[in-house]
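The file input-v8.cif comes next; it holds mmCIF, C-alpha atoms and all ligand atoms.
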```
data_final
loop_
_atom_site.label_atom_id
_atom_site.label_comp_id
_atom_site.auth_asym_id
_atom_site.auth_seq_id
_atom_site.Cartn_x
_atom_site.Cartn_y
_atom_site.Cartn_z
CA MET Y 1 33.94 138.78 74.97
CA TRP Y 2 36.89 140.78 73.78
CA GLN Y 3 39.23 137.87 74.03
CA PRO Y 4 37.78 135.89 71.13
CA ASP Y 5 38.65 132.19 70.68
CA ILE Y 6 40.65 133.18 67.65
CA GLU Y 7 43.36 134.60 69.92
CA THR Y 8 44.03 131.15 71.38
CA MET Y 9 43.49 129.20 68.17
CA GLY Y 10 46.12 126.58 67.28
CA ARG Y 11 48.75 127.88 64.88
CA GLU Y 12 47.85 125.45 62.09
CA LYS Y 13 44.27 126.60 62.03
CA LEU Y 14 45.41 130.20 62.23
CA ARG Y 15 47.71 129.67 59.26
CA ALA Y 16 44.80 128.21 57.26
CA LEU Y 17 42.72 131.28 58.05
CA GLN Y 18 45.58 133.57 57.03
CA GLU Y 19 45.98 131.62 53.81
CA GLU Y 20 42.31 132.01 52.94
CA ARG Y 21 42.23 135.72 53.75
CA PHE Y 22 45.50 136.41 51.98
CA LEU Y 23 44.25 134.89 48.71
CA LYS Y 24 41.05 136.90 49.01
CA THR Y 25 43.13 140.06 49.49
CA TRP Y 26 45.33 139.10 46.54
CA ASN Y 27 42.32 138.77 44.24
CA HIS Y 28 40.75 141.95 45.62
CA ILE Y 29 43.91 143.87 44.68
CA TRP Y 30 43.99 142.44 41.14
CA ASP Y 31 40.30 143.13 40.63
CA ASN Y 32 39.96 146.50 42.30
CA ALA Y 33 43.25 148.31 42.96
CA PRO Y 34 44.71 149.36 39.60
CA ALA Y 35 47.68 151.29 41.01
CA GLN Y 36 48.75 148.34 43.15
CA ARG Y 37 48.26 146.01 40.21
CA GLY Y 38 50.57 148.33 38.28
CA ILE Y 39 53.26 148.08 40.98
CA LEU Y 40 53.08 144.28 40.80
CA GLN Y 41 53.22 144.19 37.01
CA ALA Y 42 56.14 146.61 36.98
CA ALA Y 43 57.96 144.13 39.23
CA GLY Y 44 57.19 141.34 36.75
CA VAL Y 45 54.58 139.64 38.95
CA GLU Y 46 51.38 138.20 37.45
CA ARG Y 47 48.19 137.16 39.17
CA GLY Y 48 48.87 133.47 38.65
CA ASP Y 49 52.25 133.66 40.38
CA VAL Y 50 50.59 133.50 43.77
CA THR Y 51 48.57 130.48 44.78
CA SER Y 52 49.40 130.29 48.50
CA LEU Y 53 50.69 132.40 51.36
CA ALA Y 54 54.15 130.89 50.89
CA ASP Y 55 54.35 132.74 47.57
CA ILE Y 56 54.33 136.07 49.41
CA ALA Y 57 58.14 136.11 49.43
CA LYS Y 58 58.07 136.61 45.64
CA LEU Y 59 56.20 139.88 45.94
CA PRO Y 60 57.66 143.36 45.98
CA PHE Y 61 57.30 145.47 49.11
CA THR Y 62 54.95 148.41 49.42
CA ASP Y 63 56.45 151.46 51.11
CA LYS Y 64 55.67 155.02 52.05
CA LYS Y 65 56.70 156.15 48.57
CA ALA Y 66 53.79 154.19 47.07
CA PHE Y 67 51.47 156.31 49.24
CA ALA Y 68 53.16 159.52 48.10
CA ASP Y 69 53.13 158.50 44.42
CA ASN Y 70 49.44 157.63 44.58
CA TYR Y 71 48.28 160.41 46.91
CA PRO Y 72 45.54 160.78 47.96
CA PHE Y 73 43.30 157.86 46.89
CA GLY Y 74 45.33 155.95 44.30
CA LEU Y 75 46.09 152.85 46.37
CA PHE Y 76 42.49 152.34 47.43
CA ALA Y 77 40.47 149.37 46.25
CA VAL Y 78 36.94 150.72 46.64
CA PRO Y 79 35.16 153.73 45.14
CA ARG Y 80 35.27 156.90 47.26
CA GLU Y 81 31.55 156.52 48.01
CA LYS Y 82 32.16 153.33 50.00
CA ILE Y 83 34.71 155.05 52.26
CA ILE Y 84 33.24 156.35 55.51
CA ARG Y 85 36.42 157.53 57.25
CA LEU Y 86 39.79 158.93 56.27
CA HIS Y 87 42.86 159.29 58.48
CA GLY Y 88 46.39 160.37 57.69
CA THR Y 89 49.90 159.98 59.02
CA SER Y 90 51.22 162.76 61.19
CA GLY Y 91 54.25 163.31 58.97
CA THR Y 92 55.87 166.65 59.68
CA THR Y 93 56.86 167.29 56.08
CA GLY Y 94 55.02 166.79 52.83
CA LYS Y 95 51.62 165.20 52.37
CA PRO Y 96 50.25 162.63 54.80
CA ALA Y 97 49.89 158.98 53.79
CA MET Y 98 46.12 158.55 53.70
CA GLY Y 99 44.33 155.62 55.31
CA ALA Y 100 40.74 154.75 54.36
CA TYR Y 101 37.98 152.68 55.92
CA THR Y 102 34.74 151.16 54.67
CA ALA Y 103 31.97 150.31 57.14
CA SER Y 104 33.36 146.79 57.34
CA ASP Y 105 36.93 148.10 57.95
CA MET Y 106 35.59 150.27 60.77
CA ALA Y 107 33.88 147.28 62.37
CA VAL Y 108 37.11 145.26 62.27
CA TRP Y 109 39.11 148.20 63.62
CA LYS Y 110 36.83 148.66 66.64
CA ASP Y 111 37.18 145.00 67.38
CA LEU Y 112 40.97 145.11 67.09
CA ILE Y 113 41.14 148.01 69.53
CA ALA Y 114 38.80 146.28 71.95
CA ARG Y 115 41.10 143.24 71.90
CA VAL Y 116 44.17 145.36 72.67
CA CYS Y 117 42.33 147.04 75.54
CA ALA Y 118 41.00 143.77 76.92
CA ALA Y 119 44.49 142.23 76.75
CA ALA Y 120 45.76 145.15 78.86
CA GLY Y 121 43.09 144.38 81.45
CA VAL Y 122 40.54 147.07 80.57
CA THR Y 123 36.93 146.14 81.41
CA LYS Y 124 33.50 147.72 81.10
CA GLN Y 125 33.86 149.03 84.64
CA ASP Y 126 36.70 151.31 83.60
CA LEU Y 127 36.69 154.99 82.75
CA ALA Y 128 39.26 155.76 80.08
CA GLN Y 129 40.83 159.15 79.61
CA VAL Y 130 41.90 159.42 75.98
CA SER Y 131 44.77 161.92 75.85
CA PHE Y 132 45.79 161.10 72.30
CA GLY Y 133 45.19 163.88 69.82
CA TYR Y 134 41.86 163.63 67.99
CA GLY Y 135 42.17 164.37 64.31
CA LEU Y 136 43.79 162.86 61.26
CA PHE Y 137 46.08 160.88 63.59
CA THR Y 138 44.50 157.45 64.17
CA GLY Y 139 45.23 157.34 67.92
CA GLY Y 140 42.43 159.46 69.36
CA PHE Y 141 39.46 158.30 67.31
CA GLY Y 142 40.84 154.78 67.06
CA LEU Y 143 41.04 154.12 70.79
CA HIS Y 144 37.87 156.10 71.43
CA GLN Y 145 35.64 154.02 69.20
CA GLY Y 146 37.15 150.69 70.29
CA LEU Y 147 36.67 151.51 73.98
CA GLU Y 148 33.12 152.66 73.42
CA HIS Y 149 32.47 149.48 71.44
CA MET Y 150 33.49 147.49 74.55
CA GLY Y 151 31.17 149.54 76.71
CA VAL Y 152 33.93 151.44 78.49
CA CYS Y 153 33.15 155.00 79.56
CA VAL Y 154 35.33 157.33 77.48
CA LEU Y 155 36.58 160.76 78.50
CA PRO Y 156 37.82 162.33 75.25
CA MET Y 157 40.40 164.85 76.51
CA SER Y 158 42.63 164.89 73.44
CA SER Y 159 46.18 166.14 74.11
CA GLY Y 160 47.29 169.42 75.66
CA GLN Y 161 45.91 171.52 78.54
CA THR Y 162 47.80 169.61 81.17
CA GLU Y 163 46.16 171.26 84.18
CA LYS Y 164 42.73 170.40 82.85
CA GLN Y 165 43.85 166.86 82.08
CA LEU Y 166 44.85 166.42 85.72
CA MET Y 167 41.68 168.01 87.06
CA MET Y 168 39.46 165.76 84.94
CA MET Y 169 41.57 162.70 85.66
CA ARG Y 170 41.01 163.27 89.36
CA ASP Y 171 37.41 164.54 89.32
CA MET Y 172 36.07 161.90 86.92
CA GLY Y 173 38.03 159.10 88.56
CA ALA Y 174 39.74 157.96 85.38
CA THR Y 175 41.10 154.42 85.76
CA VAL Y 176 42.74 154.07 82.35
CA LEU Y 177 45.08 156.52 80.61
CA ILE Y 178 45.52 156.41 76.83
CA SER Y 179 48.29 158.50 75.24
CA THR Y 180 51.72 158.53 73.67
CA PRO Y 181 54.40 157.48 76.16
CA SER Y 182 56.07 160.89 75.95
CA TYR Y 183 52.85 162.66 76.87
CA ALA Y 184 52.17 160.13 79.63
CA LEU Y 185 55.61 160.90 81.03
CA TYR Y 186 54.88 164.60 80.88
CA LEU Y 187 51.51 164.18 82.61
CA SER Y 188 53.04 161.85 85.18
CA GLU Y 189 55.65 164.45 86.09
CA ALA Y 190 52.91 167.02 86.53
CA VAL Y 191 51.10 164.58 88.82
CA ARG Y 192 54.27 164.17 90.86
CA GLU Y 193 54.87 167.91 91.07
CA HIS Y 194 51.30 168.53 92.22
CA GLY Y 195 51.52 165.64 94.68
CA ILE Y 196 48.12 164.28 93.63
CA LYS Y 197 49.01 160.66 92.93
CA GLY Y 198 47.06 159.54 96.00
CA GLU Y 199 43.89 161.24 94.74
CA LEU Y 200 43.90 159.42 91.40
CA LYS Y 201 42.19 156.14 90.56
CA LEU Y 202 44.36 155.34 87.54
CA ARG Y 203 45.40 151.71 87.38
CA VAL Y 204 46.51 151.01 83.82
CA GLY Y 205 47.97 152.92 80.89
CA LEU Y 206 47.87 152.01 77.20
CA PHE Y 207 50.67 153.76 75.37
CA GLY Y 208 51.31 153.83 71.66
CA GLY Y 209 51.94 156.02 68.65
CA GLU Y 210 55.69 155.87 69.21
CA GLY Y 211 58.13 153.46 70.78
CA HIS Y 212 59.47 153.74 74.32
CA THR Y 213 61.96 151.96 76.50
CA SER Y 214 61.03 149.82 79.49
CA GLU Y 215 62.90 152.32 81.66
CA MET Y 216 60.58 155.11 80.53
CA ALA Y 217 57.55 152.90 81.19
CA ALA Y 218 58.90 152.21 84.69
CA GLN Y 219 59.16 155.91 85.38
CA ILE Y 220 55.56 156.51 84.26
CA GLU Y 221 54.42 153.60 86.40
CA GLU Y 222 56.16 154.97 89.44
CA ASN Y 223 54.84 158.50 89.00
CA LEU Y 224 51.25 157.40 88.38
CA GLY Y 225 51.04 154.12 90.31
CA ILE Y 226 49.83 152.22 87.23
CA THR Y 227 50.71 149.27 85.02
CA ALA Y 228 51.98 150.61 81.71
CA THR Y 229 51.28 148.59 78.57
CA SER Y 230 52.35 149.19 74.98
CA ASN Y 231 50.41 148.87 71.79
CA TYR Y 232 51.30 149.34 68.17
CA GLY Y 233 49.81 150.32 64.86
CA LEU Y 234 50.30 152.47 61.80
CA CYS Y 235 47.79 154.55 59.90
CA GLU Y 236 48.77 152.79 56.68
CA LEU Y 237 47.76 149.48 58.30
CA THR Y 238 44.52 150.72 59.97
CA GLY Y 239 46.04 152.43 63.02
CA PRO Y 240 46.35 151.19 66.61
CA GLY Y 241 45.14 147.62 67.05
CA VAL Y 242 47.82 145.87 65.01
CA SER Y 243 49.39 144.59 68.23
CA GLY Y 244 49.29 145.14 71.97
CA GLU Y 245 50.67 143.76 75.19
CA CYS Y 246 48.80 141.47 77.54
CA LEU Y 247 49.47 141.89 81.27
CA TYR Y 248 52.49 139.57 81.13
CA ARG Y 249 54.14 142.23 79.00
CA GLU Y 250 56.42 139.87 77.14
CA GLY Y 251 55.87 141.35 73.70
CA MET Y 252 52.91 142.80 71.83
CA HIS Y 253 50.44 140.23 70.46
CA ILE Y 254 49.84 140.75 66.76
CA ALA Y 255 46.24 140.24 65.60
CA GLU Y 256 47.42 137.59 63.17
CA ASP Y 257 43.98 136.78 61.86
CA HIS Y 258 44.03 140.28 60.33
CA PHE Y 259 47.75 140.89 59.78
CA TYR Y 260 50.48 138.68 58.38
CA ALA Y 261 53.87 139.71 59.77
CA GLU Y 262 57.38 139.16 58.45
CA ILE Y 263 60.78 140.40 59.62
CA ILE Y 264 63.25 141.38 56.93
CA ASP Y 265 66.79 142.60 56.74
CA PRO Y 266 66.21 146.30 56.00
CA GLU Y 267 69.25 146.41 53.73
CA THR Y 268 68.72 143.30 51.58
CA GLY Y 269 64.97 142.72 51.97
CA LYS Y 270 65.65 139.08 52.86
CA VAL Y 271 63.12 137.45 55.23
CA LEU Y 272 64.78 136.64 58.56
CA PRO Y 273 64.08 133.64 60.79
CA GLU Y 274 62.05 133.81 64.01
CA GLY Y 275 63.76 135.72 66.78
CA GLU Y 276 66.06 137.82 64.62
CA MET Y 277 65.95 141.59 64.79
CA GLY Y 278 64.92 143.36 61.61
CA GLU Y 279 62.28 145.52 59.96
CA LEU Y 280 58.65 144.59 60.45
CA VAL Y 281 56.72 144.03 57.20
CA VAL Y 282 52.95 143.62 57.44
CA THR Y 283 50.30 142.42 55.00
CA PRO Y 284 46.77 143.24 56.19
CA LEU Y 285 44.47 140.27 55.51
CA SER Y 286 40.98 141.66 55.77
CA ARG Y 287 40.94 145.20 54.49
CA GLU Y 288 38.41 146.40 51.95
CA ALA Y 289 39.36 150.02 51.34
CA LEU Y 290 43.11 149.72 51.54
CA PRO Y 291 44.49 146.22 51.07
CA LEU Y 292 48.29 146.30 50.91
CA LEU Y 293 51.00 143.76 50.21
CA ARG Y 294 54.09 143.54 52.38
CA TYR Y 295 54.05 147.05 53.80
CA ARG Y 296 57.46 148.12 55.12
CA THR Y 297 56.81 149.65 58.53
CA LYS Y 298 60.42 150.85 59.07
CA ASP Y 299 60.05 149.66 62.67
CA ILE Y 300 62.83 147.49 63.98
CA THR Y 301 61.70 144.57 66.13
CA ARG Y 302 61.70 140.77 66.35
CA LEU Y 303 58.95 138.14 66.55
CA THR Y 304 58.29 135.08 68.65
CA TYR Y 305 55.63 132.48 67.85
CA GLU Y 306 55.77 130.76 71.23
CA THR Y 307 52.43 130.58 73.03
CA CYS Y 308 52.30 133.30 75.68
CA ARG Y 309 51.68 132.62 79.34
CA CYS Y 310 48.30 134.33 78.86
CA GLY Y 311 47.28 131.53 76.49
CA ARG Y 312 47.28 133.63 73.34
CA THR Y 313 48.89 131.83 70.42
CA HIS Y 314 49.33 134.90 68.24
CA ALA Y 315 52.87 136.01 67.51
CA ARG Y 316 54.42 138.64 69.75
CA MET Y 317 56.64 141.46 68.62
CA ALA Y 318 59.30 142.96 70.87
CA PRO Y 319 59.01 146.65 71.74
CA THR Y 320 60.24 148.51 68.70
CA LEU Y 321 63.87 149.49 69.07
CA GLY Y 322 63.10 152.49 66.92
CA ARG Y 323 62.20 153.24 63.35
CA SER Y 324 64.86 152.54 60.77
CA ASP Y 325 64.19 156.18 59.79
CA ASP Y 326 65.17 157.35 63.30
CA MET Y 327 68.38 155.40 63.24
CA LEU Y 328 71.35 157.72 63.24
CA ILE Y 329 74.59 156.72 61.64
CA ILE Y 330 77.38 158.43 63.51
CA ARG Y 331 80.93 157.72 62.45
CA GLY Y 332 79.73 154.43 61.00
CA VAL Y 333 77.89 153.35 64.16
CA ASN Y 334 74.14 152.67 64.08
CA VAL Y 335 72.49 154.53 66.94
CA PHE Y 336 68.85 154.36 67.99
CA PRO Y 337 67.65 157.14 70.29
CA SER Y 338 66.05 154.42 72.44
CA GLN Y 339 69.50 152.99 73.25
CA ILE Y 340 70.63 156.34 74.58
CA GLU Y 341 67.37 156.77 76.46
CA SER Y 342 67.83 153.48 78.28
CA VAL Y 343 71.21 154.71 79.58
CA LEU Y 344 69.92 158.13 80.59
CA ILE Y 345 66.90 156.94 82.43
CA ARG Y 346 68.97 154.69 84.75
CA GLN Y 347 71.28 157.54 85.64
CA GLU Y 348 70.82 159.34 88.93
CA HIS Y 349 70.23 163.10 89.12
CA ILE Y 350 68.92 163.46 85.58
CA GLY Y 351 65.34 163.47 84.32
CA PRO Y 352 63.89 161.64 81.32
CA HIS Y 353 63.93 164.62 78.97
CA TYR Y 354 66.72 164.79 76.45
CA MET Y 355 67.64 165.96 72.98
CA LEU Y 356 70.20 164.44 70.66
CA VAL Y 357 72.04 166.90 68.47
CA VAL Y 358 74.10 165.61 65.57
CA ARG Y 359 76.60 167.90 63.89
CA ARG Y 360 79.36 167.63 61.38
CA GLU Y 361 82.51 169.29 62.60
CA SER Y 362 85.40 169.30 60.10
CA ALA Y 363 84.22 166.11 58.37
CA MET Y 364 83.65 164.41 61.74
CA ASP Y 365 80.14 163.59 62.93
CA THR Y 366 79.55 164.42 66.57
CA LEU Y 367 76.69 163.51 68.85
CA GLU Y 368 75.76 165.77 71.70
CA ILE Y 369 73.31 164.58 74.33
CA GLN Y 370 71.54 167.40 76.08
CA VAL Y 371 69.82 166.15 79.17
CA GLU Y 372 67.95 167.80 82.01
CA LEU Y 373 69.01 167.64 85.61
CA ILE Y 374 66.25 166.95 88.13
CA ASP Y 375 67.71 169.44 90.59
CA GLY Y 376 69.11 172.68 89.16
CA SER Y 377 71.43 173.23 92.13
CA VAL Y 378 73.66 170.43 90.82
CA LEU Y 379 74.78 172.94 88.18
CA GLU Y 380 76.74 174.71 90.91
CA SER Y 381 78.84 171.67 91.73
CA TYR Y 382 81.53 171.19 89.14
CA SER Y 383 82.68 167.86 90.53
CA MET Y 384 79.14 166.51 90.60
CA LEU Y 385 78.52 167.58 86.99
CA GLU Y 386 81.77 166.00 85.96
CA ARG Y 387 80.86 162.73 87.67
CA ILE Y 388 77.41 162.54 86.03
CA ARG Y 389 78.84 163.40 82.63
CA ASN Y 390 81.61 160.81 82.87
CA ASN Y 391 79.15 158.19 83.98
CA ILE Y 392 76.85 158.75 81.00
CA GLN Y 393 79.76 158.94 78.58
CA GLY Y 394 81.25 155.72 79.91
CA LYS Y 395 77.99 153.78 79.65
CA ILE Y 396 77.32 154.97 76.12
CA LYS Y 397 80.86 154.09 75.12
CA ASP Y 398 80.26 150.58 76.53
CA ILE Y 399 77.02 150.06 74.63
CA LEU Y 400 77.69 151.82 71.36
CA GLY Y 401 81.47 152.17 71.28
CA LEU Y 402 80.98 155.84 70.60
CA THR Y 403 82.36 158.88 72.38
CA VAL Y 404 79.67 161.49 72.83
CA LYS Y 405 79.46 164.95 74.31
CA VAL Y 406 77.12 165.25 77.29
CA THR Y 407 75.61 168.59 78.24
CA LEU Y 408 73.64 168.81 81.46
CA VAL Y 409 71.02 171.52 81.43
CA ALA Y 410 68.70 173.10 83.99
CA PRO Y 411 65.31 171.50 84.76
CA GLN Y 412 62.41 172.39 82.44
CA THR Y 413 64.61 173.68 79.63
CA ILE Y 414 64.10 170.90 77.07
CA GLU Y 415 60.97 171.04 74.98
CA ARG Y 416 58.02 168.83 76.08
CA PHE Y 417 55.81 167.03 73.61
CA MET Y 418 52.05 166.61 73.71
CA GLY Y 419 52.07 164.01 70.94
CA LYS Y 420 54.98 162.11 69.52
CA ALA Y 421 58.31 163.27 70.85
CA ARG Y 422 61.02 164.62 68.57
CA ARG Y 423 64.26 163.92 70.33
CA VAL Y 424 66.75 164.24 67.53
CA ARG Y 425 68.07 167.34 65.84
CA ASP Y 426 70.27 166.41 62.92
CA GLU Y 427 72.20 169.48 61.82
CA ARG Y 428 74.38 167.69 59.30
ZN ZN P 501 50.11 137.28 76.32
#
```

Could you rewrite the structure in this file as structure tokens?
Amino acid sequence: MWQPDIETMGREKLRALQEERFLKTWNHIWDNAPAQRGILQAAGVERGDVTSLADIAKLPFTDKKAFADNYPFGLFAVPREKIIRLHGTSGTTGKPAMGAYTASDMAVWKDLIARVCAAAGVTKQDLAQVSFGYGLFTGGFGLHQGLEHMGVCVLPMSSGQTEKQLMMMRDMGATVLISTPSYALYLSEAVREHGIKGELKLRVGLFGGEGHTSEMAAQIEENLGITATSNYGLCELTGPGVSGECLYREGMHIAEDHFYAEIIDPETGKVLPEGEMGELVVTPLSREALPLLRYRTKDITRLTYETCRCGRTHARMAPTLGRSDDMLIIRGVNVFPSQIESVLIRQEHIGPHYMLVVRRESAMDTLEIQVELIDGSVLESYSMLERIRNNIQGKIKDILGLTVKVTLVAPQTIERFMGKARRVRDER
């Protein structure tokens, strides 16, 4: 079964398992990962300083820079010959952060994915269309192998070729859609435009690779007639499978037998108590090729350890508000694109596609929101445009205390994304 007993294990027992695996990881790093050992020693930490999981707070964080400094294989803890798979982050600039997997890491990964899928209600009877890109990005191959491992029939479409995606979705009778939320939204709009919702058998979507708001999920659900679930992972930490929603959708269950999660204040690095919003820091507990200590994900979320209505005892993380990297600081105000998105998507007459443009005009930062109208004829009504603009401006002022410029543009004029969306253009 893909809901193993470990997912409903009592928290004390789970903690004992984490403790055991953490100490094993700790020793593995000291014995086999010289670069990571070097990072610890440079921070004044010695092997004997850690004798239990509680000592983790003494340790320095690992971040993306450690990957860059030790590119490509420096952080690894096994010889190259034991690695059977490599993946990399989809960073748009510079070198990717490389992830590595031994045969044992691959076995764990498949299992983690199968758990996420099972939690979202996927069964062997399903046919899953994987519309994640296949390649260095962990999404495509990750979901593919986990689904196959469960015995689910996989249709590996990769991303792009929307017309073909829709044809195959309909002809093959796909019941599960796997993609980024932005691509799911794009596909779902195409389904609506073609009026083929009634011919599809889709019932559930598993969306990951980037964060999304509940409003965006609702729109995808409406267009496709499905239940949309979120899942989470990072290449540096294996890939998808770190956490995923069950059908109650009250947070993503973290596979705590394989990942130890902390929330920190991104400014001070201080560990925050349960329920507080901060940056997610993860220590994988069972990795051979790439053990890491306290990896800073840059994702802003919060945790709850309350047992879920589904019976799972593993901690749940809230949908990520955004990456601390995506956070814009405009005239001293912290702005996450997701906060703007949640306003836009509730607004009548406008679609879910938008672009945020930040500029500096005579030492003043300005934020312009370009957003598409659903119906282009609205552009001819000045009073209507004015009303929509004022509405959006007012709501954003309420939430963020920030005055923004709103530009309404014709349908289909804002760029669509097949993979992860890029919704911010910072021209400062
Ligand atoms: Zn649950």

Write out as CSV the residues of chain Y that have any atom within 8 Å of an atom of ligand ZN 501 (chain P), one row each with the nearest atom pair and its distance in Å to one decimal, counting all atoms listed in the file, sorted by chain and then rising number.
```
residue,atom,partner,partner_atom,distance
Y:Ala119,CA,P:ZN501,ZN,7.5
Y:Glu245,CA,P:ZN501,ZN,6.6
Y:Cys246,CA,P:ZN501,ZN,4.6
Y:Leu247,CA,P:ZN501,ZN,6.8
Y:Tyr248,CA,P:ZN501,ZN,5.8
Y:Arg249,CA,P:ZN501,ZN,6.9
Y:Glu250,CA,P:ZN501,ZN,6.9
Y:Gly251,CA,P:ZN501,ZN,7.5
Y:Met252,CA,P:ZN501,ZN,7.6
Y:His253,CA,P:ZN501,ZN,6.6
Y:Thr307,CA,P:ZN501,ZN,7.8
Y:Cys308,CA,P:ZN501,ZN,4.6
Y:Arg309,CA,P:ZN501,ZN,5.8
Y:Cys310,CA,P:ZN501,ZN,4.3
Y:Gly311,CA,P:ZN501,ZN,6.4
Y:Arg312,CA,P:ZN501,ZN,5.5
Y:Arg316,CA,P:ZN501,ZN,8.0
```

Suppose we keep C-alpha atoms; can you now write the selection as a PDB file, in the coordinates of the input?
```
ATOM      1  CA  ALA Y 119      44.490 142.230  76.750  1.00  0.00           C
ATOM      2  CA  GLU Y 245      50.670 143.760  75.190  1.00  0.00           C
ATOM      3  CA  CYS Y 246      48.800 141.470  77.540  1.00  0.00           C
ATOM      4  CA  LEU Y 247      49.470 141.890  81.270  1.00  0.00           C
ATOM      5  CA  TYR Y 248      52.490 139.570  81.130  1.00  0.00           C
ATOM      6  CA  ARG Y 249      54.140 142.230  79.000  1.00  0.00           C
ATOM      7  CA  GLU Y 250      56.420 139.870  77.140  1.00  0.00           C
ATOM      8  CA  GLY Y 251      55.870 141.350  73.700  1.00  0.00           C
ATOM      9  CA  MET Y 252      52.910 142.800  71.830  1.00  0.00           C
ATOM     10  CA  HIS Y 253      50.440 140.230  70.460  1.00  0.00           C
ATOM     11  CA  THR Y 307      52.430 130.580  73.030  1.00  0.00           C
ATOM     12  CA  CYS Y 308      52.300 133.300  75.680  1.00  0.00           C
ATOM     13  CA  ARG Y 309      51.680 132.620  79.340  1.00  0.00           C
ATOM     14  CA  CYS Y 310      48.300 134.330  78.860  1.00  0.00           C
ATOM     15  CA  GLY Y 311      47.280 131.530  76.490  1.00  0.00           C
ATOM     16  CA  ARG Y 312      47.280 133.630  73.340  1.00  0.00           C
ATOM     17  CA  ARG Y 316      54.420 138.640  69.750  1.00  0.00           C
TER      18      ARG Y 316
END
```

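Across Y:Ile388, Y:Ser52, Y:Met355, Y:Ser179, the tightest approach to Gly208 of chain Y is made by Y:Ser179 when counting only C-alpha atoms.
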
Practice task
Counting all atoms listed in the file, select every polymer residue within 6 Å of (73.4, 158.1, 83.6) as defined in the file's coordinates, and provide the selection as a list of chain:residue names.
Solution key: Y:Val343, Y:Leu344, Y:Arg346, Y:Gln347, Y:Asn391, Y:Ile392

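Between atom CA of Met150 of chain Y and atom CA of Val282 of chain Y there is a distance of 26.2 Å.
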
Practice task
May I have the residues within 8 Å of Pro240 of chain Y as a PyMOL selection string, using all atoms listed in the file and disregarding those fewer than 4 positions away in the same chain?
Solution key: chain Y and resi 113+138-139+142-143+208-209+231-235

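The gap separating atom CA of Glu236 of chain Y from atom CA of Met216 of chain Y is 26.7 Å, in Å to one decimal.
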
Practice task
Identify which of the residues Y:Gln165, Y:Ser381, Y:Asn334, Y:Thr297 lies closest to Gly401 of chain Y, counting only C-alpha atoms when measuring atom-to-atom distances.
Solution key: Y:Asn334

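Of the listed residues Y:His149, Y:Val424, Y:Ala103, Y:Ala261, the one whose atoms come nearest to Lys82 of chain Y is Y:Ala103, with distances taken using all atoms listed in the file.
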
Exercise for the section: Counting all atoms listed in the file, select every polymer residue within 7 Å of (56.9, 161.2, 92.3) as defined in the file's coordinates, and provide the selection as a list in words. Expected result: Arg192, Glu222 and Asn223 of chain Y

How would the residues just chosen look if you wrote them out with C-alpha atoms as a PDB file, in the frame of the given file?
```pdb
ATOM      1  CA  ARG Y 192      54.270 164.170  90.860  1.00  0.00           C
ATOM      2  CA  GLU Y 222      56.160 154.970  89.440  1.00  0.00           C
ATOM      3  CA  ASN Y 223      54.840 158.500  89.000  1.00  0.00           C
TER       4      ASN Y 223
END
```

Exercise for the section: Find the residues around Gln219 of chain Y up to 9 Å (all atoms listed in the file counted), leave out those fewer than 6 positions away in its own chain, and share them as a PyMOL selection string. Expected result: chain Y and resi 185+188+345+352

Within 10 Å of Ala421 of chain Y using all atoms listed in the file, minus same-chain residues under 6 positions, as a compact mmCIF listing (two decimals) with C-alpha atoms, keeping the file's coordinate frame:
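Below is the file out-v5.txt, written as the result:
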```txt
# COMPACT_ATOMS: atom_id res chain seq x y z
CA THR Y 180 51.72 158.53 73.67
CA PRO Y 181 54.40 157.48 76.16
CA SER Y 182 56.07 160.89 75.95
CA TYR Y 183 52.85 162.66 76.87
CA GLY Y 209 51.94 156.02 68.65
CA GLU Y 210 55.69 155.87 69.21
CA GLY Y 211 58.13 153.46 70.78
CA HIS Y 353 63.93 164.62 78.97
CA MET Y 355 67.64 165.96 72.98
CA GLU Y 415 60.97 171.04 74.98
```

Edge lengths and centre in Å, axis-aligned, segment 407-423 of chain Y plus 6 Å each side, as JSON:
```
{"center_x": 63.8, "center_y": 167.9, "center_z": 76.7, "size_x": 35.6, "size_y": 23.6, "size_z": 28.2}
```

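Taking atom CA of Lys58 of chain Y and atom CA of Phe76 of chain Y as endpoints, the distance between them is 22.2 Å.
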
Handout entry: Among the residues Y:Ser230, Y:Val333, Y:Gly10, Y:Trp2, the one that comes closest to Glu306 of chain Y [using all atoms listed in the file]
Key =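 Going through Y:Ser230, Y:Val333, Y:Gly10, Y:Trp2 one by one, the smallest distance to Glu306 of chain Y is for Y:Gly10.
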